[in-house]
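**Student:** Handing over target_28.csv, CSV, C-alpha atoms.
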```
chain,number,residue,atom,x,y,z
A,423,MET,CA,57.2,103.2,121.6
A,424,ASP,CA,54.2,104.2,119.5
A,425,GLY,CA,51.5,101.8,118.2
A,426,ASP,CA,53.0,101.6,114.7
A,427,PHE,CA,56.4,100.4,116.0
A,428,ARG,CA,54.7,98.1,118.5
A,429,GLN,CA,52.6,96.5,115.7
A,430,LYS,CA,55.7,96.1,113.4
A,431,LYS,CA,57.7,94.6,116.2
A,432,THR,CA,55.0,92.1,117.0
A,433,LEU,CA,54.7,91.0,113.3
A,434,PHE,CA,58.5,91.0,112.9
A,435,ASN,CA,59.1,88.9,116.1
A,436,SER,CA,56.3,86.4,115.2
A,437,TYR,CA,57.7,85.9,111.7
A,438,TRP,CA,61.3,85.5,112.6
A,439,THR,CA,60.9,83.4,115.7
A,440,GLN,CA,58.6,80.7,114.1
A,441,PRO,CA,60.4,77.4,113.2
A,442,LYS,CA,61.4,77.4,109.5
A,443,HIS,CA,61.0,74.2,107.4
A,444,GLY,CA,60.3,72.1,110.5
A,445,ILE,CA,63.8,72.6,111.8
A,446,ASN,CA,64.1,72.9,115.6
A,447,VAL,CA,67.7,73.4,116.7
A,448,TRP,CA,68.6,74.0,120.4
A,449,GLY,CA,69.5,77.6,120.9
A,450,MET,CA,68.0,78.7,117.6
A,451,ALA,CA,64.9,80.3,119.1
A,452,GLU,CA,67.2,82.4,121.5
A,453,LYS,CA,69.4,83.5,118.6
A,454,LEU,CA,66.3,84.4,116.5
A,455,ASP,CA,64.9,86.4,119.4
A,456,THR,CA,68.2,88.3,119.7
A,457,VAL,CA,68.4,88.9,116.0
A,458,ALA,CA,64.8,90.1,115.9
A,459,GLU,CA,65.2,92.3,118.9
A,460,LEU,CA,68.5,93.9,117.7
A,461,SER,CA,67.1,94.4,114.2
A,462,PHE,CA,64.1,96.2,115.5
A,463,GLN,CA,66.2,98.2,117.9
A,464,LEU,CA,68.3,99.5,115.0
A,465,TYR,CA,65.2,100.1,112.9
A,466,ARG,CA,63.5,102.1,115.6
A,467,ALA,CA,66.7,104.1,116.3
A,468,ARG,CA,67.0,105.0,112.6
A,469,LYS,CA,63.3,106.0,112.4
A,470,GLU,CA,63.5,108.1,115.6
A,471,ALA,CA,67.0,109.4,115.0
A,472,GLU,CA,68.3,107.9,118.3
A,473,GLU,CA,72.0,107.4,118.7
A,474,GLN,CA,72.9,103.8,119.6
A,475,GLU,CA,76.0,102.4,121.2
A,476,PRO,CA,77.8,99.7,119.1
A,477,LEU,CA,75.9,96.4,119.5
A,478,THR,CA,79.1,94.5,120.2
A,479,LEU,CA,79.4,96.4,123.5
A,480,SER,CA,76.3,94.8,124.9
A,481,HIS,CA,76.3,91.6,122.8
A,482,LYS,CA,79.6,89.9,122.9
A,483,GLU,CA,78.2,86.9,121.0
A,484,LEU,CA,77.7,89.1,117.9
A,485,ASP,CA,79.7,87.8,115.0
A,486,LEU,CA,79.7,88.5,111.3
A,487,PRO,CA,77.1,85.9,110.3
A,488,MET,CA,74.8,87.2,113.0
A,489,ALA,CA,75.4,90.8,111.9
A,490,TYR,CA,74.4,89.8,108.4
A,491,GLU,CA,71.2,88.2,109.8
A,492,ILE,CA,70.4,91.5,111.7
A,493,GLN,CA,71.1,93.5,108.5
A,494,GLY,CA,68.8,91.2,106.5
A,495,HIS,CA,65.9,91.5,109.0
A,496,GLY,CA,66.4,95.3,109.1
A,497,ILE,CA,66.2,95.4,105.3
A,498,GLU,CA,63.0,93.4,105.5
A,499,LEU,CA,61.5,96.0,107.8
A,500,ARG,CA,62.5,98.7,105.4
A,501,ARG,CA,60.9,96.8,102.5
A,502,LYS,CA,57.7,96.5,104.6
A,503,ASP,CA,57.9,100.3,104.8
A,504,GLY,CA,57.9,100.4,101.0
A,505,GLU,CA,61.6,100.7,100.3
A,506,LYS,CA,63.1,98.9,97.3
A,507,ILE,CA,66.5,97.2,97.1
A,508,ILE,CA,68.5,99.0,94.3
A,509,GLY,CA,72.0,97.6,94.9
A,510,TYR,CA,74.7,96.6,97.3
A,511,LYS,CA,77.9,98.2,98.6
A,512,MET,CA,81.2,96.9,99.8
A,513,GLY,CA,82.9,98.1,103.0
A,514,LEU,CA,86.2,97.6,104.7
A,515,THR,CA,87.9,97.0,101.3
A,516,SER,CA,91.4,97.9,102.4
A,517,LYS,CA,93.6,95.2,104.0
A,518,ALA,CA,94.6,97.6,106.8
A,519,LYS,CA,91.0,98.4,107.7
A,520,MET,CA,90.0,94.7,107.6
A,521,GLU,CA,92.9,93.8,109.9
A,522,GLN,CA,91.9,96.7,112.3
A,523,MET,CA,88.4,95.3,112.5
A,524,GLY,CA,89.5,91.7,112.8
A,525,LEU,CA,88.1,90.6,109.5
A,526,HIS,CA,89.6,88.7,106.6
A,527,GLN,CA,87.3,89.9,103.8
A,528,PRO,CA,85.4,93.0,102.8
A,529,ILE,CA,81.8,93.3,104.1
A,530,PHE,CA,78.7,94.3,102.1
A,531,GLY,CA,75.6,96.2,102.7
A,532,VAL,CA,72.2,96.7,101.0
A,533,LEU,CA,71.2,99.9,99.3
A,534,THR,CA,67.6,101.0,99.0
A,535,ASP,CA,65.9,103.6,97.0
A,536,LYS,CA,65.5,105.8,100.1
A,537,MET,CA,69.2,106.0,100.5
A,538,GLN,CA,69.7,107.4,97.0
A,539,VAL,CA,70.0,111.1,96.2
A,540,SER,CA,69.3,112.0,92.6
A,541,GLN,CA,71.8,113.9,90.6
A,542,LYS,CA,71.5,117.6,91.7
A,543,GLY,CA,69.2,116.4,94.4
A,544,GLU,CA,69.1,117.7,97.9
A,545,PHE,CA,69.8,115.8,101.1
A,546,SER,CA,68.5,117.1,104.4
A,547,LEU,CA,70.6,116.7,107.5
A,548,ALA,CA,67.6,117.2,109.8
A,549,GLY,CA,66.9,114.1,111.9
A,550,LYS,CA,70.2,112.4,111.0
A,551,ILE,CA,72.6,110.9,113.5
A,552,HIS,CA,76.3,111.9,112.9
A,553,PRO,CA,75.7,112.9,109.3
A,554,LYS,CA,78.6,112.7,106.9
A,555,ALA,CA,79.2,112.4,103.2
A,556,GLU,CA,81.2,109.5,101.9
A,557,PRO,CA,82.1,109.1,98.2
A,558,GLU,CA,81.1,105.8,96.7
A,559,ILE,CA,81.9,104.2,93.4
A,560,PHE,CA,79.2,102.2,91.8
A,561,PHE,CA,78.6,100.2,88.6
A,562,VAL,CA,75.3,99.9,86.7
A,563,THR,CA,75.1,96.2,85.7
A,564,HIS,CA,71.7,96.5,83.9
A,565,LYS,CA,68.9,98.9,83.1
```
For the structure just supplied, provide its representation as structure tokens.

**Tutor:**
Amino acid sequence: MDGDFRQKKTLFNSYWTQPKHGINVWGMAEKLDTVAELSFQLYRARKEAEEQEPLTLSHKELDLPMAYEIQGHGIELRRKDGEKIIGYKMGLTSKAKMEQMGLHQPIFGVLTDKMQVSQKGEFSLAGKIHPKAEPEIFFVTHK
């Protein structure tokens, strides 16, 4: 792990493992450590184009609320890199896919400016893990 990642990980862990608003709940520190570690693991894997096994294989305790926490921390790391949130996307919107994944509602993800390809823009597959194109429908709600 290079110095830049080490520094970000230290800052990230110190921020997310500090008690918030004076609340100290048993087990919270362990959960925050896990969330911070998994968030950084995914962040580093994306930056270094390293394939990762699904987190649920090594972390059976992972549930949807914890997954959203990991996503949120990962987005904060991306924002610290200068990315800007430009929107959100829905996933698992079909009833069949939700049932297959053991969910009862669609999920959502955050979109940043670095994920956007301008009209007639080019997208390089270099350094990508399992690249694929997926059509998305979006709505502009304001300008």

**Student:** By how many Å are atom CA of Glu556 of chain A and atom CA of Glu470 of chain A apart?

**Tutor:**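 Separation between atom CA of Glu556 of chain A and atom CA of Glu470 of chain A: 22.4 Å.
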
**Student:** Using only C-alpha atoms, tabulate the residues of segment 504-534 of chain A lying at most 9 Å from any atom of segment 484-496 of chain A, each with its closest atom pair and that distance in Å to one decimal, by chain and increasing residue number, as a tab-separated table.

**Tutor:**
```
residue	atom	partner	partner_atom	distance
A:Leu525	CA	A:Leu486	CA	8.8
A:Ile529	CA	A:Leu486	CA	8.9
A:Phe530	CA	A:Tyr490	CA	8.9
A:Gly531	CA	A:Gln493	CA	7.8
A:Val532	CA	A:Gln493	CA	8.2
```

**Student:** Quick one: residues within 12 Å of Ser516 of chain A, only C-alpha atoms counted, chain neighbours fewer than 6 positions away excluded, as a list in words?

**Tutor:**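 Skipping anything fewer than 6 positions along the chain leaves Gln522, Met523, Leu525, His526, Gln527, Pro528 and Ile529 of chain A.
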
**Student:** How far is it from atom CA of Thr515 of chain A to atom CA of Leu460 of chain A, in Å with one decimal?

**Tutor:**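 It comes out at 25.6 Å.
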
**Student:** Hey, what's within 10 Å of segment 557-560 of chain A if we count all atoms listed in the file and toss same-chain stuff fewer than 4 positions away? As an MDAnalysis selection string, please?

**Tutor:** chainID A and resid 509:512

**Student:** Please, what distance in Å, to one decimal, runs between atom CA of Met537 of chain A and atom CA of Lys517 of chain A?

**Tutor:**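 Answer for the atom CA of Met537 of chain A to atom CA of Lys517 of chain A separation: 26.9 Å.
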
**Student:** Between segment 470-514 of chain A and segment 552-555 of chain A, at 12 Å or less, what are the per-residue closest atom pairs and their distances in Å? Count only C-alpha atoms, order by chain and rising residue number, and return it as CSV.

**Tutor:**
```
residue,atom,partner,partner_atom,distance
A:Ala471,CA,A:His552,CA,9.9
A:Glu472,CA,A:His552,CA,10.4
A:Glu473,CA,A:His552,CA,8.5
A:Gln474,CA,A:His552,CA,11.0
```

**Student:** Tell me which protein, DNA and RNA residues are within 8 Å of Glu505 of chain A, counting all atoms listed in the file, leaving out same-chain ones fewer than 5 positions away, and put them as a PyMOL selection string.

**Tutor:** chain A and resi 500+534-536
